[in-house]
>>> print(open('final.csv').read())   # CSV, N, CA and C atoms
chain,number,residue,atom,x,y,z
A,1,MET,N,0.8,-1.2,0.0
A,1,MET,CA,0.0,0.0,0.0
A,1,MET,C,0.9,1.2,0.0
A,2,ASP,N,0.6,2.2,-0.8
A,2,ASP,CA,1.3,3.4,-0.9
A,2,ASP,C,0.7,4.4,0.1
A,3,ALA,N,1.6,4.7,1.1
A,3,ALA,CA,1.1,5.6,2.2
A,3,ALA,C,1.0,7.1,1.7
A,4,LEU,N,2.1,7.5,1.2
A,4,LEU,CA,2.2,8.9,0.7
A,4,LEU,C,3.0,9.0,-0.6
A,5,TYR,N,2.5,9.8,-1.5
A,5,TYR,CA,3.3,10.1,-2.7
A,5,TYR,C,2.8,11.4,-3.3
A,6,PRO,N,3.7,12.1,-4.0
A,6,PRO,CA,3.2,13.3,-4.7
A,6,PRO,C,2.4,13.0,-5.9
A,7,ARG,N,1.4,13.8,-6.1
A,7,ARG,CA,0.6,13.8,-7.4
A,7,ARG,C,0.7,15.2,-7.9
A,8,LEU,N,1.3,15.4,-9.0
A,8,LEU,CA,1.5,16.7,-9.6
A,8,LEU,C,0.3,16.9,-10.6
A,9,LEU,N,-0.4,18.0,-10.4
A,9,LEU,CA,-1.5,18.4,-11.3
A,9,LEU,C,-0.9,19.3,-12.4
A,10,VAL,N,-0.9,18.9,-13.6
A,10,VAL,CA,-0.1,19.7,-14.6
A,10,VAL,C,-1.0,20.0,-15.8
A,11,THR,N,-0.7,21.1,-16.5
A,11,THR,CA,-1.4,21.5,-17.7
A,11,THR,C,-0.7,21.1,-18.9
A,12,ARG,N,0.6,20.9,-18.8
A,12,ARG,CA,1.4,20.5,-19.9
A,12,ARG,C,1.7,19.0,-19.8
A,13,PHE,N,0.7,18.2,-19.8
A,13,PHE,CA,0.8,16.8,-19.4
A,13,PHE,C,1.9,16.1,-20.3
A,14,ALA,N,1.8,16.2,-21.6
A,14,ALA,CA,2.7,15.4,-22.5
A,14,ALA,C,4.1,15.8,-22.2
A,15,GLU,N,4.4,17.1,-22.1
A,15,GLU,CA,5.8,17.5,-21.8
A,15,GLU,C,6.3,17.0,-20.5
A,16,CYS,N,5.5,17.1,-19.5
A,16,CYS,CA,5.9,16.6,-18.2
A,16,CYS,C,6.1,15.1,-18.2
A,17,PHE,N,5.1,14.4,-18.8
A,17,PHE,CA,5.2,12.9,-18.9
A,17,PHE,C,6.6,12.5,-19.6
A,18,GLU,N,6.9,13.1,-20.7
A,18,GLU,CA,8.2,12.8,-21.4
A,18,GLU,C,9.4,13.1,-20.5
A,19,PHE,N,9.3,14.2,-19.8
A,19,PHE,CA,10.4,14.6,-18.9
A,19,PHE,C,10.6,13.5,-17.8
A,20,TYR,N,9.6,13.2,-17.1
A,20,TYR,CA,9.7,12.3,-16.0
A,20,TYR,C,10.0,10.8,-16.5
A,21,ARG,N,9.4,10.5,-17.7
A,21,ARG,CA,9.7,9.2,-18.3
A,21,ARG,C,11.2,9.1,-18.6
A,22,ALA,N,11.8,10.2,-19.0
A,22,ALA,CA,13.3,10.2,-19.3
A,22,ALA,C,14.2,10.2,-18.1
A,23,VAL,N,13.8,10.9,-17.0
A,23,VAL,CA,14.7,11.0,-15.9
A,23,VAL,C,14.5,10.1,-14.7
A,24,LEU,N,13.3,9.7,-14.4
A,24,LEU,CA,13.0,9.0,-13.2
A,24,LEU,C,13.7,7.6,-13.1
A,25,PRO,N,13.7,6.9,-14.2
A,25,PRO,CA,14.4,5.6,-14.2
A,25,PRO,C,15.9,5.7,-13.7
A,26,GLU,N,16.6,6.6,-14.3
A,26,GLU,CA,18.0,6.8,-14.0
A,26,GLU,C,18.2,7.5,-12.6
A,27,LEU,N,17.4,8.5,-12.3
A,27,LEU,CA,17.5,9.2,-11.0
A,27,LEU,C,17.2,8.4,-9.8
A,28,LEU,N,16.0,7.7,-9.9
A,28,LEU,CA,15.5,7.0,-8.7
A,28,LEU,C,15.3,5.5,-8.9
A,29,GLY,N,15.5,5.0,-10.1
A,29,GLY,CA,15.2,3.6,-10.4
A,29,GLY,C,13.7,3.3,-10.5
A,30,ALA,N,13.0,4.4,-10.8
A,30,ALA,CA,11.5,4.3,-10.9
A,30,ALA,C,11.1,3.7,-12.2
A,31,LYS,N,10.0,3.0,-12.2
A,31,LYS,CA,9.5,2.3,-13.3
A,31,LYS,C,8.1,2.8,-13.6
A,32,LEU,N,7.8,3.1,-14.9
A,32,LEU,CA,6.5,3.6,-15.3
A,32,LEU,C,5.6,2.4,-15.2
A,33,ILE,N,4.5,2.6,-14.4
A,33,ILE,CA,3.5,1.5,-14.2
A,33,ILE,C,2.3,1.7,-15.1
A,34,LYS,N,1.9,2.9,-15.2
A,34,LYS,CA,0.7,3.2,-16.0
A,34,LYS,C,0.8,4.5,-16.6
A,35,GLY,N,0.2,4.7,-17.8
A,35,GLY,CA,0.1,6.0,-18.5
A,35,GLY,C,0.9,6.1,-19.7
A,36,THR,N,0.5,7.1,-20.5
A,36,THR,CA,1.2,7.5,-21.7
A,36,THR,C,1.2,9.0,-21.8
A,37,ALA,N,1.9,9.6,-22.8
A,37,ALA,CA,1.9,11.0,-23.0
A,37,ALA,C,0.5,11.6,-23.3
A,38,ALA,N,-0.4,10.8,-23.7
A,38,ALA,CA,-1.8,11.3,-24.0
A,38,ALA,C,-2.6,11.6,-22.7
A,39,GLY,N,-2.1,11.1,-21.6
A,39,GLY,CA,-2.7,11.4,-20.3
A,39,GLY,C,-4.1,10.7,-20.1
A,40,PRO,N,-4.8,11.1,-19.2
A,40,PRO,CA,-4.6,12.2,-18.2
A,40,PRO,C,-3.9,11.7,-17.0
A,41,TYR,N,-3.4,10.5,-16.9
A,41,TYR,CA,-2.8,9.9,-15.6
A,41,TYR,C,-1.6,9.1,-16.0
A,42,ALA,N,-0.6,9.2,-15.1
A,42,ALA,CA,0.6,8.3,-15.2
A,42,ALA,C,1.2,8.2,-13.8
A,43,ASN,N,1.8,7.0,-13.6
A,43,ASN,CA,2.4,6.8,-12.3
A,43,ASN,C,3.7,6.0,-12.4
A,44,TRP,N,4.7,6.3,-11.6
A,44,TRP,CA,6.0,5.6,-11.5
A,44,TRP,C,6.1,5.1,-10.1
A,45,ASP,N,6.7,3.9,-10.0
A,45,ASP,CA,7.0,3.2,-8.7
A,45,ASP,C,8.4,2.9,-8.6
A,46,VAL,N,8.9,2.8,-7.3
A,46,VAL,CA,10.1,2.3,-6.9
A,46,VAL,C,9.8,1.1,-5.9
A,47,ASP,N,10.3,-0.1,-6.2
A,47,ASP,CA,10.1,-1.2,-5.3
A,47,ASP,C,8.6,-1.4,-5.0
A,48,ASP,N,7.7,-1.3,-6.0
A,48,ASP,CA,6.3,-1.4,-5.8
A,48,ASP,C,5.6,-0.4,-5.0
A,49,GLN,N,6.3,0.7,-4.8
A,49,GLN,CA,5.7,1.9,-4.0
A,49,GLN,C,5.7,3.1,-5.0
A,50,ALA,N,4.5,3.8,-5.0
A,50,ALA,CA,4.4,5.0,-5.8
A,50,ALA,C,5.5,6.0,-5.4
A,51,VAL,N,6.1,6.6,-6.4
A,51,VAL,CA,7.1,7.7,-6.2
A,51,VAL,C,6.6,9.0,-6.8
A,52,LEU,N,5.8,8.9,-7.9
A,52,LEU,CA,5.2,10.1,-8.5
A,52,LEU,C,4.0,9.7,-9.3
A,53,VAL,N,3.0,10.6,-9.3
A,53,VAL,CA,1.9,10.5,-10.2
A,53,VAL,C,1.7,11.8,-10.8
A,54,LEU,N,1.4,11.8,-12.1
A,54,LEU,CA,1.0,13.0,-12.9
A,54,LEU,C,-0.4,12.9,-13.2
A,55,PHE,N,-1.1,14.0,-13.1
A,55,PHE,CA,-2.6,14.0,-13.4
A,55,PHE,C,-2.9,15.3,-14.1
A,56,ASP,N,-3.6,15.2,-15.2
A,56,ASP,CA,-4.0,16.4,-15.9
A,56,ASP,C,-4.8,17.3,-15.1
A,57,ARG,N,-4.4,18.6,-15.0
A,57,ARG,CA,-5.1,19.6,-14.1
A,57,ARG,C,-6.6,19.7,-14.5
A,58,ALA,N,-6.9,19.8,-15.8
A,58,ALA,CA,-8.3,20.0,-16.2
A,58,ALA,C,-9.1,18.8,-15.8
A,59,ALA,N,-8.5,17.6,-16.0
A,59,ALA,CA,-9.3,16.4,-15.6
A,59,ALA,C,-9.6,16.3,-14.1
A,60,MET,N,-8.6,16.7,-13.3
A,60,MET,CA,-8.9,16.8,-11.9
A,60,MET,C,-9.9,17.8,-11.5
A,61,ALA,N,-9.9,19.0,-12.2
A,61,ALA,CA,-10.8,20.0,-11.9
A,61,ALA,C,-12.2,19.5,-12.2
A,62,GLN,N,-12.4,18.7,-13.2
A,62,GLN,CA,-13.7,18.1,-13.6
A,62,GLN,C,-14.1,17.2,-12.5
A,63,VAL,N,-13.2,16.3,-12.0
A,63,VAL,CA,-13.5,15.4,-10.9
A,63,VAL,C,-13.9,16.1,-9.7
A,64,ALA,N,-13.2,17.2,-9.3
A,64,ALA,CA,-13.4,17.9,-8.1
A,64,ALA,C,-14.5,19.0,-8.2
A,65,GLY,N,-15.1,19.1,-9.4
A,65,GLY,CA,-16.1,20.1,-9.6
A,65,GLY,C,-15.7,21.5,-9.5
A,66,THR,N,-14.5,21.8,-9.9
A,66,THR,CA,-13.9,23.2,-9.8
A,66,THR,C,-13.6,23.8,-11.2
A,67,THR,N,-14.2,23.3,-12.3
A,67,THR,CA,-13.9,23.8,-13.6
A,67,THR,C,-14.3,25.2,-13.8
A,68,ASP,N,-15.2,25.7,-12.9
A,68,ASP,CA,-15.6,27.1,-13.0
A,68,ASP,C,-14.6,28.1,-12.4
A,69,LEU,N,-13.7,27.6,-11.6
A,69,LEU,CA,-12.7,28.4,-11.0
A,69,LEU,C,-11.6,28.9,-12.0
A,70,PRO,N,-11.1,30.1,-11.8
A,70,PRO,CA,-10.1,30.6,-12.7
A,70,PRO,C,-8.8,29.8,-12.5
A,71,VAL,N,-8.1,29.7,-13.6
A,71,VAL,CA,-6.7,29.1,-13.6
A,71,VAL,C,-5.8,30.3,-13.5
A,72,THR,N,-5.1,30.4,-12.4
A,72,THR,CA,-4.2,31.6,-12.1
A,72,THR,C,-2.8,31.2,-12.4
A,73,ALA,N,-2.0,32.3,-12.6
A,73,ALA,CA,-0.6,32.1,-12.7
A,73,ALA,C,0.0,31.6,-11.4
A,74,ALA,N,1.2,31.0,-11.6
A,74,ALA,CA,1.9,30.4,-10.4
A,74,ALA,C,2.2,31.5,-9.4
A,75,PRO,N,2.1,31.2,-8.1
A,75,PRO,CA,2.4,32.2,-7.1
A,75,PRO,C,3.9,32.7,-7.2
A,76,ALA,N,4.2,33.8,-6.6
A,76,ALA,CA,5.6,34.3,-6.6
A,76,ALA,C,6.5,33.3,-5.9
A,77,GLN,N,6.1,32.7,-4.9
A,77,GLN,CA,6.9,31.7,-4.2
A,77,GLN,C,6.3,30.3,-4.4
A,78,ASP,N,7.2,29.3,-4.5
A,78,ASP,CA,6.7,27.9,-4.6
A,78,ASP,C,6.0,27.5,-3.4
A,79,ALA,N,5.0,26.6,-3.6
A,79,ALA,CA,4.2,26.0,-2.5
A,79,ALA,C,4.6,24.6,-2.3
A,80,VAL,N,5.3,24.0,-3.3
A,80,VAL,CA,5.6,22.5,-3.3
A,80,VAL,C,6.9,22.3,-4.0
A,81,MET,N,7.6,21.3,-3.5
A,81,MET,CA,8.9,20.9,-4.2
A,81,MET,C,9.0,19.4,-4.2
A,82,PHE,N,9.3,18.8,-5.3
A,82,PHE,CA,9.5,17.4,-5.5
A,82,PHE,C,11.0,17.1,-5.2
A,83,VAL,N,11.3,16.4,-4.1
A,83,VAL,CA,12.7,16.1,-3.7
A,83,VAL,C,13.0,14.7,-4.0
A,84,CYS,N,14.2,14.6,-4.7
A,84,CYS,CA,14.7,13.2,-5.1
A,84,CYS,C,16.1,13.0,-4.5
A,85,ARG,N,16.2,12.0,-3.7
A,85,ARG,CA,17.6,11.6,-3.3
A,85,ARG,C,18.2,10.8,-4.4
A,86,VAL,N,19.4,11.2,-4.9
A,86,VAL,CA,20.1,10.6,-6.0
A,86,VAL,C,21.5,10.2,-5.6
A,87,ALA,N,22.1,9.4,-6.4
A,87,ALA,CA,23.5,8.9,-6.1
A,87,ALA,C,24.5,10.1,-6.4
A,88,ASP,N,24.2,10.8,-7.4
A,88,ASP,CA,25.1,11.9,-7.9
A,88,ASP,C,24.4,13.1,-8.4
A,89,VAL,N,24.4,14.2,-7.6
A,89,VAL,CA,23.6,15.4,-7.9
A,89,VAL,C,24.1,16.0,-9.3
A,90,ASP,N,25.4,16.0,-9.5
A,90,ASP,CA,25.8,16.6,-10.7
A,90,ASP,C,25.4,15.9,-12.0
A,91,ALA,N,25.4,14.5,-11.9
A,91,ALA,CA,25.0,13.7,-13.0
A,91,ALA,C,23.4,13.9,-13.1
A,92,GLY,N,22.7,13.9,-12.0
A,92,GLY,CA,21.3,14.1,-12.1
A,92,GLY,C,20.9,15.5,-12.7
A,93,VAL,N,21.6,16.5,-12.4
A,93,VAL,CA,21.4,17.8,-13.0
A,93,VAL,C,21.6,17.7,-14.5
A,94,ALA,N,22.7,17.1,-14.9
A,94,ALA,CA,22.9,17.0,-16.4
A,94,ALA,C,21.8,16.2,-17.1
A,95,LEU,N,21.4,15.1,-16.5
A,95,LEU,CA,20.3,14.3,-17.0
A,95,LEU,C,19.0,15.1,-17.2
A,96,CYS,N,18.7,15.8,-16.1
A,96,CYS,CA,17.4,16.7,-16.2
A,96,CYS,C,17.5,17.8,-17.2
A,97,LEU,N,18.7,18.4,-17.3
A,97,LEU,CA,18.8,19.5,-18.3
A,97,LEU,C,18.7,19.0,-19.7
A,98,ARG,N,19.3,17.8,-19.9
A,98,ARG,CA,19.2,17.2,-21.3
A,98,ARG,C,17.8,16.9,-21.7
A,99,ASN,N,16.9,16.7,-20.7
A,99,ASN,CA,15.5,16.3,-20.9
A,99,ASN,C,14.5,17.4,-20.7
A,100,GLY,N,15.0,18.7,-20.7
A,100,GLY,CA,14.0,19.8,-20.7
A,100,GLY,C,13.9,20.6,-19.4
A,101,ALA,N,14.6,20.2,-18.3
A,101,ALA,CA,14.5,21.0,-17.1
A,101,ALA,C,15.2,22.3,-17.2
A,102,THR,N,14.9,23.2,-16.3
A,102,THR,CA,15.5,24.5,-16.2
A,102,THR,C,16.3,24.6,-14.9
A,103,LEU,N,17.5,25.0,-15.0
A,103,LEU,CA,18.3,25.1,-13.7
A,103,LEU,C,17.9,26.3,-12.9
A,104,VAL,N,17.6,26.1,-11.6
A,104,VAL,CA,17.3,27.2,-10.7
A,104,VAL,C,18.5,27.5,-9.9
A,105,ALA,N,19.1,26.5,-9.3
A,105,ALA,CA,20.4,26.7,-8.4
A,105,ALA,C,21.2,25.5,-8.7
A,106,GLY,N,22.5,25.8,-9.1
A,106,GLY,CA,23.4,24.7,-9.4
A,106,GLY,C,23.8,23.9,-8.2
A,107,ALA,N,24.4,22.8,-8.5
A,107,ALA,CA,24.9,21.8,-7.4
A,107,ALA,C,25.9,22.5,-6.5
A,108,VAL,N,25.6,22.3,-5.2
A,108,VAL,CA,26.5,23.0,-4.2
A,108,VAL,C,26.4,22.1,-2.9
A,109,ASP,N,27.5,22.0,-2.2
A,109,ASP,CA,27.6,21.3,-0.9
A,109,ASP,C,26.9,22.2,0.1
A,110,ARG,N,26.1,21.5,1.0
A,110,ARG,CA,25.4,22.2,2.0
A,110,ARG,C,25.6,21.5,3.4
A,111,PRO,N,26.8,21.6,3.9
A,111,PRO,CA,27.1,21.0,5.2
A,111,PRO,C,26.3,21.6,6.3
A,112,GLU,N,25.8,22.8,6.2
A,112,GLU,CA,25.0,23.4,7.2
A,112,GLU,C,23.6,22.7,7.3
A,113,TRP,N,23.2,22.0,6.2
A,113,TRP,CA,21.9,21.3,6.2
A,113,TRP,C,22.0,19.9,6.6
A,114,GLY,N,23.2,19.3,6.4
A,114,GLY,CA,23.5,17.9,6.8
A,114,GLY,C,24.8,17.5,6.4
A,115,PRO,N,25.4,16.5,7.1
A,115,PRO,CA,26.8,16.0,6.7
A,115,PRO,C,26.8,15.5,5.3
A,116,GLN,N,27.8,16.0,4.5
A,116,GLN,CA,28.0,15.6,3.1
A,116,GLN,C,26.8,15.8,2.2
A,117,LEU,N,25.9,16.7,2.6
A,117,LEU,CA,24.8,16.9,1.7
A,117,LEU,C,25.1,17.8,0.6
A,118,ARG,N,24.7,17.4,-0.6
A,118,ARG,CA,24.9,18.2,-1.8
A,118,ARG,C,23.5,18.3,-2.5
A,119,THR,N,23.1,19.5,-3.0
A,119,THR,CA,21.8,19.8,-3.5
A,119,THR,C,21.9,20.6,-4.8
A,120,ALA,N,20.9,20.5,-5.6
A,120,ALA,CA,20.6,21.4,-6.8
A,120,ALA,C,19.1,21.5,-6.9
A,121,GLN,N,18.7,22.7,-7.5
A,121,GLN,CA,17.3,22.9,-7.7
A,121,GLN,C,17.1,23.1,-9.2
A,122,LEU,N,16.0,22.5,-9.7
A,122,LEU,CA,15.6,22.7,-11.1
A,122,LEU,C,14.1,22.9,-11.2
A,123,ARG,N,13.6,23.1,-12.4
A,123,ARG,CA,12.2,23.1,-12.7
A,123,ARG,C,11.9,22.2,-13.8
A,124,ASP,N,10.8,21.4,-13.7
A,124,ASP,CA,10.3,20.5,-14.7
A,124,ASP,C,9.6,21.4,-15.8
A,125,PRO,N,9.2,20.8,-16.9
A,125,PRO,CA,8.6,21.6,-18.0
A,125,PRO,C,7.3,22.4,-17.5
A,126,GLU,N,6.7,21.9,-16.5
A,126,GLU,CA,5.5,22.7,-16.0
A,126,GLU,C,5.9,23.8,-15.1
A,127,GLY,N,7.1,23.8,-14.6
A,127,GLY,CA,7.6,24.8,-13.6
A,127,GLY,C,7.7,24.3,-12.2
A,128,THR,N,7.4,23.0,-11.9
A,128,THR,CA,7.4,22.5,-10.6
A,128,THR,C,8.9,22.5,-10.1
A,129,LEU,N,9.1,22.9,-8.9
A,129,LEU,CA,10.5,23.0,-8.3
A,129,LEU,C,10.9,21.6,-7.9
A,130,ILE,N,12.1,21.2,-8.3
A,130,ILE,CA,12.6,19.9,-8.0
A,130,ILE,C,14.0,20.1,-7.3
A,131,GLU,N,14.2,19.3,-6.2
A,131,GLU,CA,15.5,19.4,-5.6
A,131,GLU,C,16.1,18.0,-5.7
A,132,LEU,N,17.3,17.9,-6.2
A,132,LEU,CA,18.1,16.7,-6.2
A,132,LEU,C,19.1,16.8,-5.0
A,133,GLN,N,19.2,15.7,-4.3
A,133,GLN,CA,20.1,15.8,-3.1
A,133,GLN,C,20.8,14.4,-3.0
A,134,SER,N,22.0,14.5,-2.5
A,134,SER,CA,22.8,13.3,-2.2
A,134,SER,C,23.5,13.5,-0.9
A,135,TYR,N,23.8,12.4,-0.2
A,135,TYR,CA,24.6,12.5,1.1
A,135,TYR,C,25.9,11.7,0.9
>>> encode(input="final.csv", output="C-alpha cells")
Amino acid sequence: MDALYPRLLVTRFAECFEFYRAVLPELLGAKLIKGTAAGPYANWDVDDQAVLVLFDRAAMAQVAGTTDLPVTAAPAQDAVMFVCRVADVDAGVALCLRNGATLVAGAVDRPEWGPQLRTAQLRDPEGTLIELQSY
C-alpha cells in the first residue's frame, strides 16, 4: 500500500510525462507503471511503491467540480517541491537539463543542512520545483 506520494497536477501533461519518463528511471530507479503522454494519468513506482503520479489539471478540476474556478498564474513563491535523493547530484542535473529541465540553483555542498549533503534545484517543464540531493 502506498502511504504517501506526490501527485502533480499539470497543464502541460505530455511534456511533463516525457520529462519524468526520461529522468526517473536513472535518477530513482523508478518504473513507469501506468500511463502515456496522451494522459490524463501516469504513475511511476520504486520497489512497488508509488514515487510520483502525474494527473492532468483540467481532468482533476472536472472530478473535483472546480472547472468554473479561474486558472491563475503560479504564485511568486513555490508552494511545493519534489525532492529526489540521488546517487550523484551533478549527473542528475545534467540528465534533467538534457531532458528539458531549467536550472534554478546549481549543485552545491550544504554541510549546514546535513553532513556531506549536496543539492541542486531545477524546474520541470510545468515549472514544478525539483530538488536533487545526495549525502
>>> residues_around(input="final.csv", residues="Ala105 in chain A", least_positions_apart="5", cutoff="6.5 Å", atoms="all atoms listed in the file", output="list in words")
Thr119, Ala120, Gln121 and Leu122 of chain A
>>> residues_around(input="final.csv", residues="Ala58 in chain A", least_positions_apart="2", cutoff="7 Å", atoms="all atoms listed in the file", output="list in words")
Leu9, Val10, Thr11, Phe55, Asp56, Met60, Ala61, Gln62 and Val63 of chain A
>>> atom_distance(input="final.csv", atom1="atom C of Val23 in chain A", atom2="atom N of Ala91 in chain A")
12.1 Å
>>> select_by_dssp(input="final.csv", residues="range 2-81 of chain A", states="strand (DSSP E or B)", output="list in words")
Arg7, Leu8, Leu9, Val10, Lys31, Leu32, Ile33, Lys34, Tyr41, Ala42, Asn43, Trp44, Asp45, Val46, Gln49, Ala50, Val51, Leu52, Val53, Leu54, Phe55, Asp56 and Met81 of chain A
>>> atom_distance(input="final.csv", atom1="CA of Cys96 in chain A", atom2="atom C of Ala22 in chain A")
7.5 Å
>>> closest_residue(input="final.csv", among="A:Ser134, A:Val53, A:Phe13, A:Gly100", to="Lys31 in chain A", atoms="only C-alpha atoms")
A:Val53
>>> closest_residue(input="final.csv", among="A:Trp113, A:Phe19, A:Tyr41, A:Tyr5", to="Asn99 in chain A", atoms="all atoms listed in the file")
A:Phe19
>>> atom_distance(input="final.csv", atom1="atom C of Ala107 in chain A", atom2="atom C of Thr128 in chain A")
17.4 Å
>>> select_by_dssp(input="final.csv", residues="chain A", states="helix (DSSP H, G or I)", output="ChimeraX atom specification")
/A:13-28,57-64,89-98
>>> residues_near_point(input="final.csv", point="(2.8, 23.9, -2.8)", cutoff="12 Å", atoms="only C-alpha atoms", output="list of chain:residue names")
A:Pro6, A:Arg7, A:Leu8, A:Leu9, A:Ala74, A:Pro75, A:Ala76, A:Gln77, A:Asp78, A:Ala79, A:Val80, A:Met81, A:Phe82, A:Gly127, A:Thr128, A:Leu129, A:Ile130
>>> residues_near_point(input="final.csv", point="(20.5, 14.1, -1.8)", cutoff="5 Å", atoms="all atoms listed in the file", output="JSON, numbers by chain")
{"A": [85, 86, 132, 133, 134, 135]}
>>> write_last_selection(input="final.csv", atoms="N, CA and C atoms", output="PDB file, in the frame of the given file")
ATOM      1  N   ARG A  85      16.200  12.000  -3.700  1.00  0.00           N
ATOM      2  CA  ARG A  85      17.600  11.600  -3.300  1.00  0.00           C
ATOM      3  C   ARG A  85      18.200  10.800  -4.400  1.00  0.00           C
ATOM      4  N   VAL A  86      19.400  11.200  -4.900  1.00  0.00           N
ATOM      5  CA  VAL A  86      20.100  10.600  -6.000  1.00  0.00           C
ATOM      6  C   VAL A  86      21.500  10.200  -5.600  1.00  0.00           C
ATOM      7  N   LEU A 132      17.300  17.900  -6.200  1.00  0.00           N
ATOM      8  CA  LEU A 132      18.100  16.700  -6.200  1.00  0.00           C
ATOM      9  C   LEU A 132      19.100  16.800  -5.000  1.00  0.00           C
ATOM     10  N   GLN A 133      19.200  15.700  -4.300  1.00  0.00           N
ATOM     11  CA  GLN A 133      20.100  15.800  -3.100  1.00  0.00           C
ATOM     12  C   GLN A 133      20.800  14.400  -3.000  1.00  0.00           C
ATOM     13  N   SER A 134      22.000  14.500  -2.500  1.00  0.00           N
ATOM     14  CA  SER A 134      22.800  13.300  -2.200  1.00  0.00           C
ATOM     15  C   SER A 134      23.500  13.500  -0.900  1.00  0.00           C
ATOM     16  N   TYR A 135      23.800  12.400  -0.200  1.00  0.00           N
ATOM     17  CA  TYR A 135      24.600  12.500   1.100  1.00  0.00           C
ATOM     18  C   TYR A 135      25.900  11.700   0.900  1.00  0.00           C
TER      19      TYR A 135
END
>>> residues_around(input="final.csv", residues="Tyr20 in chain A", least_positions_apart="6", cutoff="8 Å", atoms="all atoms listed in the file", output="PyMOL selection string")
chain A and resi 14+99+124-125
>>> write_last_selection(input="final.csv", atoms="N, CA and C atoms", output="CSV table (one decimal), in the coordinates of the input")
chain,number,residue,atom,x,y,z
A,14,ALA,N,1.8,16.2,-21.6
A,14,ALA,CA,2.7,15.4,-22.5
A,14,ALA,C,4.1,15.8,-22.2
A,99,ASN,N,16.9,16.7,-20.7
A,99,ASN,CA,15.5,16.3,-20.9
A,99,ASN,C,14.5,17.4,-20.7
A,124,ASP,N,10.8,21.4,-13.7
A,124,ASP,CA,10.3,20.5,-14.7
A,124,ASP,C,9.6,21.4,-15.8
A,125,PRO,N,9.2,20.8,-16.9
A,125,PRO,CA,8.6,21.6,-18.0
A,125,PRO,C,7.3,22.4,-17.5
